[in-house]
$ cat final24.cif   # mmCIF, C-alpha atoms
data_model
loop_
_atom_site.group_PDB
_atom_site.id
_atom_site.type_symbol
_atom_site.label_atom_id
_atom_site.label_comp_id
_atom_site.auth_asym_id
_atom_site.auth_seq_id
_atom_site.Cartn_x
_atom_site.Cartn_y
_atom_site.Cartn_z
ATOM 1 C CA MET A 152 215.131 76.982 79.686
ATOM 2 C CA GLY A 153 214.669 73.238 80.059
ATOM 3 C CA ARG A 154 211.929 73.067 77.439
ATOM 4 C CA THR A 155 210.209 69.662 77.213
ATOM 5 C CA ASP A 156 207.016 70.651 75.389
ATOM 6 C CA LEU A 157 206.442 70.408 71.645
ATOM 7 C CA PRO A 158 204.560 72.658 69.220
ATOM 8 C CA PRO A 159 201.289 71.247 67.769
ATOM 9 C CA GLU A 160 202.905 70.124 64.493
ATOM 10 C CA GLN A 161 205.634 68.196 66.319
ATOM 11 C CA GLN A 162 203.129 66.713 68.776
ATOM 12 C CA LYS A 163 201.147 65.352 65.839
ATOM 13 C CA ALA A 164 204.321 64.015 64.208
ATOM 14 C CA LEU A 165 205.388 62.353 67.463
ATOM 15 C CA ARG A 166 202.028 60.632 67.896
ATOM 16 C CA SER A 167 202.281 59.377 64.333
ATOM 17 C CA ALA A 168 205.851 58.173 64.893
ATOM 18 C CA ILE A 169 204.800 56.244 68.007
ATOM 19 C CA ARG A 170 202.003 54.533 66.087
ATOM 20 C CA TRP A 171 204.376 53.572 63.280
ATOM 21 C CA GLU A 172 206.918 52.210 65.764
ATOM 22 C CA TRP A 173 204.311 49.991 67.432
ATOM 23 C CA PHE A 174 203.058 48.869 64.038
ATOM 24 C CA THR A 175 206.624 48.041 62.989
ATOM 25 C CA ILE A 176 207.207 46.009 66.141
ATOM 26 C CA GLY A 177 204.023 44.020 65.549
ATOM 27 C CA TYR A 178 204.823 43.510 61.857
ATOM 28 C CA THR A 179 208.387 42.428 62.611
ATOM 29 C CA VAL A 180 207.334 39.985 65.339
ATOM 30 C CA VAL A 181 204.964 38.306 62.883
ATOM 31 C CA THR A 182 207.720 38.297 60.255
ATOM 32 C CA ILE A 183 210.176 36.671 62.632
ATOM 33 C CA GLY A 184 207.654 33.956 63.452
ATOM 34 C CA VAL A 185 206.838 33.229 59.809
ATOM 35 C CA ILE A 186 210.497 33.069 58.740
ATOM 36 C CA ALA A 187 211.218 30.708 61.650
ATOM 37 C CA LEU A 188 208.801 28.218 60.073
ATOM 38 C CA VAL A 189 210.672 28.087 56.749
ATOM 39 C CA VAL A 190 214.267 29.071 57.608
ATOM 40 C CA GLY A 191 215.612 25.563 56.904
ATOM 41 C CA GLY A 192 219.345 25.123 56.326
ATOM 42 C CA SER A 193 219.907 28.275 54.292
ATOM 43 C CA GLN A 194 222.562 30.543 55.757
ATOM 44 C CA ALA A 195 221.106 33.503 53.876
ATOM 45 C CA MET A 196 217.682 32.890 55.411
ATOM 46 C CA LYS A 197 219.166 32.553 58.898
ATOM 47 C CA THR A 198 221.043 35.837 58.462
ATOM 48 C CA ALA A 199 217.920 37.619 57.200
ATOM 49 C CA TRP A 200 215.997 36.154 60.147
ATOM 50 C CA ILE A 201 218.532 37.520 62.631
ATOM 51 C CA GLU A 202 218.504 40.871 60.837
ATOM 52 C CA ASP A 203 214.755 41.088 61.419
ATOM 53 C CA MET A 204 215.323 40.473 65.135
ATOM 54 C CA LEU A 205 217.955 43.217 65.234
ATOM 55 C CA SER A 206 215.655 45.640 63.449
ATOM 56 C CA LEU A 207 213.507 45.729 66.606
ATOM 57 C CA ILE A 208 216.252 47.518 68.540
ATOM 58 C CA PRO A 209 215.760 51.047 67.079
ATOM 59 C CA GLN A 210 211.996 50.939 67.695
ATOM 60 C CA ILE A 211 212.374 49.739 71.264
ATOM 61 C CA SER A 212 215.136 52.299 71.914
ATOM 62 C CA PHE A 213 212.943 55.112 70.559
ATOM 63 C CA LEU A 214 209.942 54.188 72.693
ATOM 64 C CA ILE A 215 212.002 53.772 75.868
ATOM 65 C CA ALA A 216 213.809 57.076 75.317
ATOM 66 C CA LEU A 217 210.460 58.884 75.013
ATOM 67 C CA ILE A 218 209.666 57.924 78.612
ATOM 68 C CA PHE A 219 212.704 59.862 79.839
ATOM 69 C CA ILE A 220 212.914 62.913 77.561
ATOM 70 C CA ARG A 221 209.551 64.211 78.797
ATOM 71 C CA ARG A 222 211.034 64.751 82.257
ATOM 72 C CA ARG A 223 212.078 68.280 83.119
ATOM 73 C CA PRO A 224 215.649 69.111 84.143
ATOM 74 C CA SER A 225 216.584 68.833 87.808
ATOM 75 C CA ARG A 226 219.610 69.692 89.900
ATOM 76 C CA ALA A 227 220.818 66.123 89.524
ATOM 77 C CA PHE A 228 220.302 66.269 85.730
ATOM 78 C CA PRO A 229 220.503 69.989 84.893
ATOM 79 C CA PHE A 230 220.433 69.470 81.118
ATOM 80 C CA GLY A 231 217.385 67.205 81.169
ATOM 81 C CA PHE A 232 217.124 63.680 79.790
ATOM 82 C CA HIS A 233 217.203 64.278 76.051
ATOM 83 C CA ARG A 234 220.521 62.418 75.840
ATOM 84 C CA MET A 235 218.561 59.199 76.325
ATOM 85 C CA MET A 236 217.683 59.401 72.628
ATOM 86 C CA GLY A 237 221.405 59.477 71.834
ATOM 87 C CA VAL A 238 222.045 56.552 74.187
ATOM 88 C CA GLY A 239 219.342 54.567 72.400
ATOM 89 C CA HIS A 240 220.954 55.446 69.070
ATOM 90 C CA LEU A 241 224.319 54.174 70.336
ATOM 91 C CA VAL A 242 222.866 50.939 71.746
ATOM 92 C CA ALA A 243 221.202 50.168 68.417
ATOM 93 C CA GLY A 244 224.368 50.909 66.467
ATOM 94 C CA VAL A 245 226.661 48.816 68.654
ATOM 95 C CA ALA A 246 224.243 45.856 68.604
ATOM 96 C CA LEU A 247 224.081 45.949 64.810
ATOM 97 C CA LEU A 248 227.845 46.251 64.534
ATOM 98 C CA ALA A 249 228.582 43.357 66.890
ATOM 99 C CA VAL A 250 226.039 40.876 65.543
ATOM 100 C CA GLY A 251 226.678 41.880 61.924
ATOM 101 C CA GLY A 252 230.384 41.247 62.375
ATOM 102 C CA ASN A 253 229.725 37.810 63.834
ATOM 103 C CA LEU A 254 227.353 36.922 60.981
ATOM 104 C CA ALA A 255 229.903 38.086 58.404
ATOM 105 C CA TYR A 256 232.547 35.876 60.036
ATOM 106 C CA GLU A 257 230.236 32.855 59.916
ATOM 107 C CA ALA A 258 229.382 33.496 56.268
ATOM 108 C CA ILE A 259 233.034 33.805 55.279
ATOM 109 C CA SER A 260 233.935 30.691 57.276
ATOM 110 C CA GLY A 261 231.193 28.714 55.541
ATOM 111 C CA LEU A 262 232.425 29.791 52.118
ATOM 112 C CA ILE A 263 236.014 28.882 52.960
ATOM 113 C CA ARG A 264 234.977 25.455 54.255
ATOM 114 C CA ALA A 265 232.781 25.011 51.163
ATOM 115 C CA GLU A 266 229.777 24.075 53.254
ATOM 116 C CA HIS A 267 226.899 22.946 51.052
ATOM 117 C CA PRO A 268 223.589 24.069 52.584
ATOM 118 C CA SER A 269 220.721 21.618 52.527
ATOM 119 C CA ILE A 270 217.157 22.752 51.872
ATOM 120 C CA GLY A 271 214.709 19.932 52.432
ATOM 121 C CA THR A 272 211.159 19.230 51.337
ATOM 122 C CA VAL A 273 207.752 19.224 52.982
ATOM 123 C CA PHE A 274 204.761 16.966 52.325
ATOM 124 C CA LEU A 275 201.661 19.120 51.856
ATOM 125 C CA PHE A 276 198.230 18.261 50.423
ATOM 126 C CA GLY A 277 199.561 14.962 49.158
ATOM 127 C CA GLN A 278 202.466 16.595 47.342
ATOM 128 C CA THR A 279 206.193 16.773 48.120
ATOM 129 C CA ILE A 280 207.236 20.422 47.788
ATOM 130 C CA TRP A 281 210.718 21.906 47.943
ATOM 131 C CA LEU A 282 210.984 24.103 51.047
ATOM 132 C CA GLY A 283 212.857 26.715 49.047
ATOM 133 C CA TRP A 284 209.642 27.741 47.284
ATOM 134 C CA PHE A 285 208.079 28.575 50.630
ATOM 135 C CA MET A 286 211.180 30.582 51.557
ATOM 136 C CA VAL A 287 210.979 32.596 48.342
ATOM 137 C CA GLY A 288 207.242 33.144 48.773
ATOM 138 C CA VAL A 289 207.534 34.316 52.366
ATOM 139 C CA MET A 290 210.399 36.710 51.649
ATOM 140 C CA SER A 291 208.586 38.133 48.610
ATOM 141 C CA VAL A 292 205.569 39.010 50.765
ATOM 142 C CA ILE A 293 207.244 40.420 53.881
ATOM 143 C CA VAL A 294 209.323 42.913 51.887
ATOM 144 C CA ILE A 295 206.174 44.984 51.273
ATOM 145 C CA GLY A 296 205.866 46.339 54.835
ATOM 146 C CA PRO A 297 209.239 48.130 55.131
ATOM 147 C CA PHE A 298 208.510 50.166 52.000
ATOM 148 C CA PHE A 299 205.473 51.738 53.654
ATOM 149 C CA TYR A 300 206.678 52.334 57.206
ATOM 150 C CA GLY A 301 210.219 53.176 56.084
ATOM 151 C CA HIS A 302 209.071 56.102 53.944
ATOM 152 C CA ALA A 303 206.549 57.191 56.598
ATOM 153 C CA LYS A 304 209.254 57.412 59.273
ATOM 154 C CA ALA A 305 211.618 59.175 56.874
ATOM 155 C CA ARG A 306 209.040 61.966 56.486
ATOM 156 C CA LEU A 307 208.582 62.262 60.263
ATOM 157 C CA ALA A 308 212.270 62.220 61.287
ATOM 158 C CA PRO A 309 213.096 65.771 60.030
ATOM 159 C CA LYS A 310 209.995 67.195 61.736
ATOM 160 C CA LEU A 311 211.147 65.771 65.076
ATOM 161 C CA HIS A 312 214.881 66.091 64.443
ATOM 162 C CA ASN A 313 215.246 62.512 65.676
ATOM 163 C CA ASN A 314 218.335 60.517 64.729
ATOM 164 C CA VAL A 315 216.958 57.213 66.025
ATOM 165 C CA LEU A 316 213.803 57.557 63.941
ATOM 166 C CA TYR A 317 215.852 58.493 60.876
ATOM 167 C CA ALA A 318 218.172 55.504 61.351
ATOM 168 C CA ASP A 319 215.161 53.231 61.771
ATOM 169 C CA ALA A 320 213.605 54.574 58.568
ATOM 170 C CA ASP A 321 216.870 54.236 56.668
ATOM 171 C CA MET A 322 217.270 50.610 57.751
ATOM 172 C CA ALA A 323 213.671 49.814 56.804
ATOM 173 C CA LYS A 324 214.052 51.290 53.326
ATOM 174 C CA ALA A 325 217.185 49.176 52.791
ATOM 175 C CA ASP A 326 215.531 45.929 53.918
ATOM 176 C CA TRP A 327 214.539 45.028 50.376
ATOM 177 C CA THR A 328 218.200 44.431 49.466
ATOM 178 C CA SER A 329 218.521 41.838 52.231
ATOM 179 C CA THR A 330 215.274 40.186 51.151
ATOM 180 C CA VAL A 331 216.361 39.986 47.514
ATOM 181 C CA ALA A 332 219.750 38.635 48.590
ATOM 182 C CA SER A 333 218.119 35.869 50.641
ATOM 183 C CA ILE A 334 215.902 34.916 47.682
ATOM 184 C CA VAL A 335 218.932 34.766 45.394
ATOM 185 C CA GLY A 336 220.760 32.597 47.921
ATOM 186 C CA VAL A 337 217.890 30.122 48.197
ATOM 187 C CA LEU A 338 217.408 29.887 44.430
ATOM 188 C CA GLY A 339 221.157 29.429 44.045
ATOM 189 C CA VAL A 340 221.010 26.341 46.227
ATOM 190 C CA GLY A 341 218.075 25.101 44.166
ATOM 191 C CA ILE A 342 220.033 25.231 40.906
ATOM 192 C CA GLY A 343 223.165 23.765 42.414
ATOM 193 C CA LEU A 344 225.188 26.932 43.014
ATOM 194 C CA TRP A 345 225.769 26.271 46.719
ATOM 195 C CA TRP A 346 228.104 29.243 47.170
ATOM 196 C CA LEU A 347 225.334 31.746 46.311
ATOM 197 C CA ASP A 348 223.728 31.062 49.690
ATOM 198 C CA GLY A 349 226.910 31.934 51.587
ATOM 199 C CA ALA A 350 227.548 34.938 49.351
ATOM 200 C CA ALA A 351 224.017 36.210 50.006
ATOM 201 C CA ALA A 352 224.505 35.738 53.750
ATOM 202 C CA LEU A 353 227.768 37.698 53.555
ATOM 203 C CA PHE A 354 226.074 40.484 51.598
ATOM 204 C CA ILE A 355 223.286 40.767 54.190
ATOM 205 C CA SER A 356 225.702 40.693 57.132
ATOM 206 C CA LEU A 357 227.918 43.382 55.588
ATOM 207 C CA GLY A 358 224.805 45.560 55.261
ATOM 208 C CA ILE A 359 224.159 45.043 58.970
ATOM 209 C CA VAL A 360 227.779 45.953 59.769
ATOM 210 C CA TRP A 361 227.522 49.116 57.672
ATOM 211 C CA ASP A 362 224.307 50.183 59.421
ATOM 212 C CA GLY A 363 225.937 49.497 62.784
ATOM 213 C CA TRP A 364 229.104 51.423 61.977
ATOM 214 C CA ARG A 365 227.261 54.438 60.580
ATOM 215 C CA ASN A 366 224.830 54.670 63.495
ATOM 216 C CA SER A 367 227.476 54.016 66.171
ATOM 217 C CA ARG A 368 229.735 56.680 64.694
ATOM 218 C CA ALA A 369 226.946 59.269 64.521
ATOM 219 C CA ALA A 370 225.755 58.478 68.065
ATOM 220 C CA VAL A 371 229.239 58.679 69.582
ATOM 221 C CA ARG A 372 229.981 61.980 67.870
ATOM 222 C CA ASP A 373 226.740 63.455 69.199
ATOM 223 C CA LEU A 374 227.420 62.183 72.717
ATOM 224 C CA ILE A 375 230.867 63.790 72.743
ATOM 225 C CA ASP A 376 229.276 67.091 71.664
ATOM 226 C CA GLN A 377 230.184 67.522 68.045
ATOM 227 C CA ARG A 378 228.734 70.585 66.329
ATOM 228 C CA ALA A 379 224.998 70.064 65.886
ATOM 229 C CA ARG A 380 224.120 68.468 62.571
ATOM 230 C CA THR A 381 220.978 67.588 60.630
ATOM 231 C CA GLU A 382 219.075 64.416 61.563
ATOM 232 C CA ASP A 383 220.719 62.507 58.682
ATOM 233 C CA ASP A 384 224.184 63.672 59.828
ATOM 234 C CA ALA A 385 224.787 65.094 56.354
ATOM 235 C CA ARG A 386 225.795 68.660 57.252
ATOM 236 C CA PRO A 387 225.976 71.209 60.095
ATOM 237 C CA HIS A 388 222.496 72.223 61.171
ATOM 238 C CA PRO A 389 221.321 75.391 59.383
ATOM 239 C CA LEU A 390 219.899 76.714 62.654
ATOM 240 C CA ILE A 391 223.467 77.683 63.612
ATOM 241 C CA ALA A 392 223.511 80.221 60.785
ATOM 242 C CA ARG A 393 220.027 81.477 61.610
ATOM 243 C CA ILE A 394 220.998 82.118 65.222
ATOM 244 C CA GLY A 395 224.155 83.953 64.227
ATOM 245 C CA ASN A 396 222.307 86.141 61.749
ATOM 246 C CA ARG A 397 219.554 86.909 64.256
ATOM 247 C CA VAL A 398 222.004 87.967 66.977
ATOM 248 C CA GLN A 399 223.834 90.278 64.559
ATOM 249 C CA GLU A 400 220.595 92.221 64.076
ATOM 250 C CA PHE A 401 220.937 93.743 67.540
ATOM 251 C CA GLY A 402 222.560 97.175 67.303
ATOM 252 C CA TRP A 403 224.763 96.758 70.368
ATOM 253 C CA VAL A 404 226.348 93.547 69.038
ATOM 254 C CA ARG A 405 229.624 94.081 67.188
ATOM 255 C CA GLU A 406 230.590 90.429 66.763
ATOM 256 C CA SER A 407 229.065 87.096 67.739
ATOM 257 C CA GLY A 408 229.642 83.374 67.599
ATOM 258 C CA VAL A 409 227.519 80.290 68.241
ATOM 259 C CA ARG A 410 228.370 76.998 69.890
ATOM 260 C CA MET A 411 225.508 74.524 69.544
ATOM 261 C CA ARG A 412 225.315 70.864 70.541
ATOM 262 C CA ASP A 413 222.679 68.234 69.944
ATOM 263 C CA MET A 414 221.120 66.882 73.138
ATOM 264 C CA GLY A 415 219.283 64.067 71.350
ATOM 265 C CA GLN A 416 216.272 65.848 69.888
ATOM 266 C CA VAL A 417 216.800 69.432 71.022
ATOM 267 C CA PHE A 418 219.747 71.839 71.088
ATOM 268 C CA HIS A 419 221.787 73.495 73.785
ATOM 269 C CA VAL A 420 222.960 76.856 72.437
ATOM 270 C CA GLU A 421 225.748 79.119 73.673
ATOM 271 C CA VAL A 422 225.903 82.565 72.090
ATOM 272 C CA PHE A 423 229.099 84.555 72.528
ATOM 273 C CA VAL A 424 228.573 88.287 72.044
ATOM 274 C CA VAL A 425 231.190 91.021 71.710
ATOM 275 C CA PRO A 426 229.414 94.347 72.490
ATOM 276 C CA THR A 427 230.049 97.698 70.870
ATOM 277 C CA ARG A 428 230.327 99.367 74.274
ATOM 278 C CA ASP A 429 231.696 98.582 77.735
ATOM 279 C CA GLU A 430 228.346 98.371 79.499
ATOM 280 C CA VAL A 431 225.461 96.079 78.539
ATOM 281 C CA ARG A 432 222.126 96.067 80.338
ATOM 282 C CA LEU A 433 220.596 92.841 81.628
ATOM 283 C CA GLU A 434 217.460 93.540 79.567
ATOM 284 C CA GLU A 435 219.524 93.598 76.370
ATOM 285 C CA ILE A 436 221.034 90.194 77.123
ATOM 286 C CA GLU A 437 217.602 88.813 77.920
ATOM 287 C CA ASP A 438 216.264 90.169 74.608
ATOM 288 C CA VAL A 439 218.950 88.229 72.738
ATOM 289 C CA ARG A 440 218.200 85.058 74.680
ATOM 290 C CA GLU A 441 214.469 85.289 73.974
ATOM 291 C CA ALA A 442 215.035 86.072 70.291
ATOM 292 C CA VAL A 443 217.197 82.975 69.881
ATOM 293 C CA ALA A 444 214.773 80.768 71.815
ATOM 294 C CA GLN A 445 211.901 81.852 69.584
ATOM 295 C CA LEU A 446 213.688 80.912 66.360
ATOM 296 C CA ASP A 447 212.935 77.202 66.591
ATOM 297 C CA TRP A 448 211.236 74.721 68.921
ATOM 298 C CA LYS A 449 214.440 72.633 69.033
ATOM 299 C CA VAL A 450 216.239 75.349 71.020
ATOM 300 C CA GLN A 451 215.854 73.977 74.535
ATOM 301 C CA ASP A 452 218.478 76.007 76.424
ATOM 302 C CA VAL A 453 220.098 79.318 75.475
ATOM 303 C CA VAL A 454 223.073 80.845 77.225
ATOM 304 C CA VAL A 455 224.214 84.333 76.172
ATOM 305 C CA ILE A 456 227.798 85.158 77.145
ATOM 306 C CA VAL A 457 229.137 88.695 76.839
ATOM 307 C CA THR A 458 232.850 88.445 76.125
ATOM 308 C CA ALA A 459 235.784 90.455 74.816
ATOM 309 C CA SER A 460 236.335 88.101 71.848
ATOM 310 C CA VAL A 461 234.610 85.148 70.202
ATOM 311 C CA PRO A 462 236.274 81.816 71.048
ATOM 312 C CA ASP A 463 237.915 80.022 68.125
ATOM 313 C CA GLU A 464 235.702 76.951 68.535
ATOM 314 C CA ALA A 465 232.491 78.994 68.228
ATOM 315 C CA GLU A 466 230.947 79.503 64.782
ATOM 316 C CA PRO A 467 231.327 83.173 63.791
ATOM 317 C CA ALA A 468 228.220 84.740 62.278
ATOM 318 C CA THR A 469 230.152 86.072 59.286
ATOM 319 C CA ARG A 470 230.883 82.584 57.926
ATOM 320 C CA GLN A 471 227.927 80.495 59.044
ATOM 321 C CA GLU A 472 226.236 80.413 55.669
ATOM 322 C CA SER A 473 229.022 78.156 54.364
ATOM 323 C CA HIS A 474 228.997 74.459 55.155
ATOM 324 C CA SER A 475 232.240 73.656 53.355
ATOM 325 C CA ASP A 476 234.034 72.891 56.631
ATOM 326 C CA ALA A 477 231.612 70.115 57.600
#

$ encode --input "final24.cif" --output "structure tokens"
Amino acid sequence: MGRTDLPPEQQKALRSAIRWEWFTIGYTVVTIGVIALVVGGSQAMKTAWIEDMLSLIPQISFLIALIFIRRRPSRAFPFGFHRMMGVGHLVAGVALLAVGGNLAYEAISGLIRAEHPSIGTVFLFGQTIWLGWFMVGVMSVIVIGPFFYGHAKARLAPKLHNNVLYADADMAKADWTSTVASIVGVLGVGIGLWWLDGAAALFISLGIVWDGWRNSRAAVRDLIDQRARTEDDARPHPLIARIGNRVQEFGWVRESGVRMRDMGQVFHVEVFVVPTRDEVRLEEIEDVREAVAQLDWKVQDVVVIVTASVPDEAEPATRQESHSDA
């Protein structure tokens, strides 16, 4: 009950995730500074610049949440502090949604008003150089980083069952589309197609809105206790089926059902058991609880409830292998 420790494999994965998050923050801060030097009058570049600032939110949310989830449950917070990871997920999603919507509005407004962006020149080493070439060069270089840390975080997220880390990895892997869009926008201005810059800015901002909507939706559903799902929110978590099957192995259990919710990185599990006889010993209930707890490190709390019938909202063991009702 109230488990806050991690097995060795997950401890190693967590240490690696923390290192990657700090590396990402450092890389992004440098990126923001470099883009600020060449952003010019391109709307696409400004939008990509703001996107880089927003991309810091998941990393900061993850690191702050880690401070709280290590604390053990108390009477004031009987379920522990694992929900802080879900709160961080929601904060990141709402921020992306709000700022992305505002950027999309500005991009659309600029296109409607037919605003022609101006990209100036710089005098360097005795030569006058179009600033757009520096923009293209900078964006071509900074796209390299997200490929590496995005895939690294994507491998760690399932090991830790961490939605914030998965969302961060997913956003990083998609950064190349925003970078390419900003390059297209800048080159469009260079060849006289002024509207390409606004179109690129709109494309980038809509990507931000999509990330915000998807993450906000997933975070809200977890916070209102939807059935536990995988870290990518793709399907009900297979541990539900494993628990149901394990409980059915006990001879005194006639029927069982599982109700499992995601607390942010671990699960709270309620097992409803219909016995084959009128009397059940305390030791038998404790055996079921221990068996369920030993199935997976993510099982933080287990409650075994002996009842006359399985509630409709619980997942019956006989149908848990199917995910068609996701």

$ closest_residue --input "final24.cif" --among "A:Ala246, A:Ala164, A:Leu275, A:Leu347" --to "A:Pro309" --atoms "all atoms listed in the file"
A:Ala164

$ residues_near_point --input "final24.cif" --point "(227.0, 43.8, 62.8)" --cutoff "10 Å" --atoms "all atoms listed in the file" --output "count of residues only"
24

$ residues_around --input "final24.cif" --residues "stretch 401-413 of chain A" --least-positions-apart "3" --cutoff "7 Å" --atoms "all atoms listed in the file" --output "list in words"
Asp373, Asp376, Gln377, Arg378, Ala379, Ile391, Gly395, Val398, Gln416, Val417, Phe418, His419, Val420, Glu421, Val422, Phe423, Val424, Val425, Pro426, Thr427, Val461, Ala465, Glu466, Pro467 and Ala468 of chain A

$ write_last_selection --input "final24.cif" --atoms "C-alpha atoms" --output "tab-separated table (two decimals), keeping the file's coordinate frame"
chain	number	residue	atom	x	y	z
A	373	ASP	CA	226.74	63.46	69.20
A	376	ASP	CA	229.28	67.09	71.66
A	377	GLN	CA	230.18	67.52	68.04
A	378	ARG	CA	228.73	70.58	66.33
A	379	ALA	CA	225.00	70.06	65.89
A	391	ILE	CA	223.47	77.68	63.61
A	395	GLY	CA	224.16	83.95	64.23
A	398	VAL	CA	222.00	87.97	66.98
A	416	GLN	CA	216.27	65.85	69.89
A	417	VAL	CA	216.80	69.43	71.02
A	418	PHE	CA	219.75	71.84	71.09
A	419	HIS	CA	221.79	73.50	73.78
A	420	VAL	CA	222.96	76.86	72.44
A	421	GLU	CA	225.75	79.12	73.67
A	422	VAL	CA	225.90	82.56	72.09
A	423	PHE	CA	229.10	84.56	72.53
A	424	VAL	CA	228.57	88.29	72.04
A	425	VAL	CA	231.19	91.02	71.71
A	426	PRO	CA	229.41	94.35	72.49
A	427	THR	CA	230.05	97.70	70.87
A	461	VAL	CA	234.61	85.15	70.20
A	465	ALA	CA	232.49	78.99	68.23
A	466	GLU	CA	230.95	79.50	64.78
A	467	PRO	CA	231.33	83.17	63.79
A	468	ALA	CA	228.22	84.74	62.28

$ residues_near_point --input "final24.cif" --point "(203.1, 60.4, 66.5)" --cutoff "12 Å" --atoms "all atoms listed in the file" --output "PyMOL selection string"
chain A and resi 157+159-174+213-214+217+303-304+306-308+310-311+316

$ closest_residue --input "final24.cif" --among "A:Met235, A:Val337, A:Ile211, A:Ala216" --to "A:Trp284" --atoms "only C-alpha atoms"
A:Val337

$ closest_residue --input "final24.cif" --among "A:Met414, A:Leu433, A:Leu344, A:Ala444" --to "A:Asn313" --atoms "all atoms listed in the file"
A:Met414

$ resolve_selection --input "final24.cif" --expression "the PyMOL selection byres ((chain A and resi 199) around 9)" --output "list in words"
Ile186, Gln194, Ala195, Met196, Lys197, Thr198, Trp200, Ile201, Glu202, Asp203, Met204, Ser329, Thr330, Ala332, Ser333, Ala352, Ile355 and Ser356 of chain A

$ atom_distance --input "final24.cif" --atom1 "atom CA of A:Val331" --atom2 "atom CA of A:Gly261"
20.3 Å

$ closest_residue --input "final24.cif" --among "A:Leu282, A:Leu390, A:Leu262, A:Ile375" --to "A:Asp348" --atoms "only C-alpha atoms"
A:Leu262

$ resolve_selection --input "final24.cif" --expression "the PyMOL selection byres ((chain A and resi 437) around 12)" --output "list of chain:residue names"
A:Val398, A:Phe401, A:Val422, A:Val431, A:Arg432, A:Leu433, A:Glu434, A:Glu435, A:Ile436, A:Asp438, A:Val439, A:Arg440, A:Glu441, A:Ala442, A:Val443, A:Ala444, A:Val453, A:Val454, A:Val455, A:Ile456, A:Val457
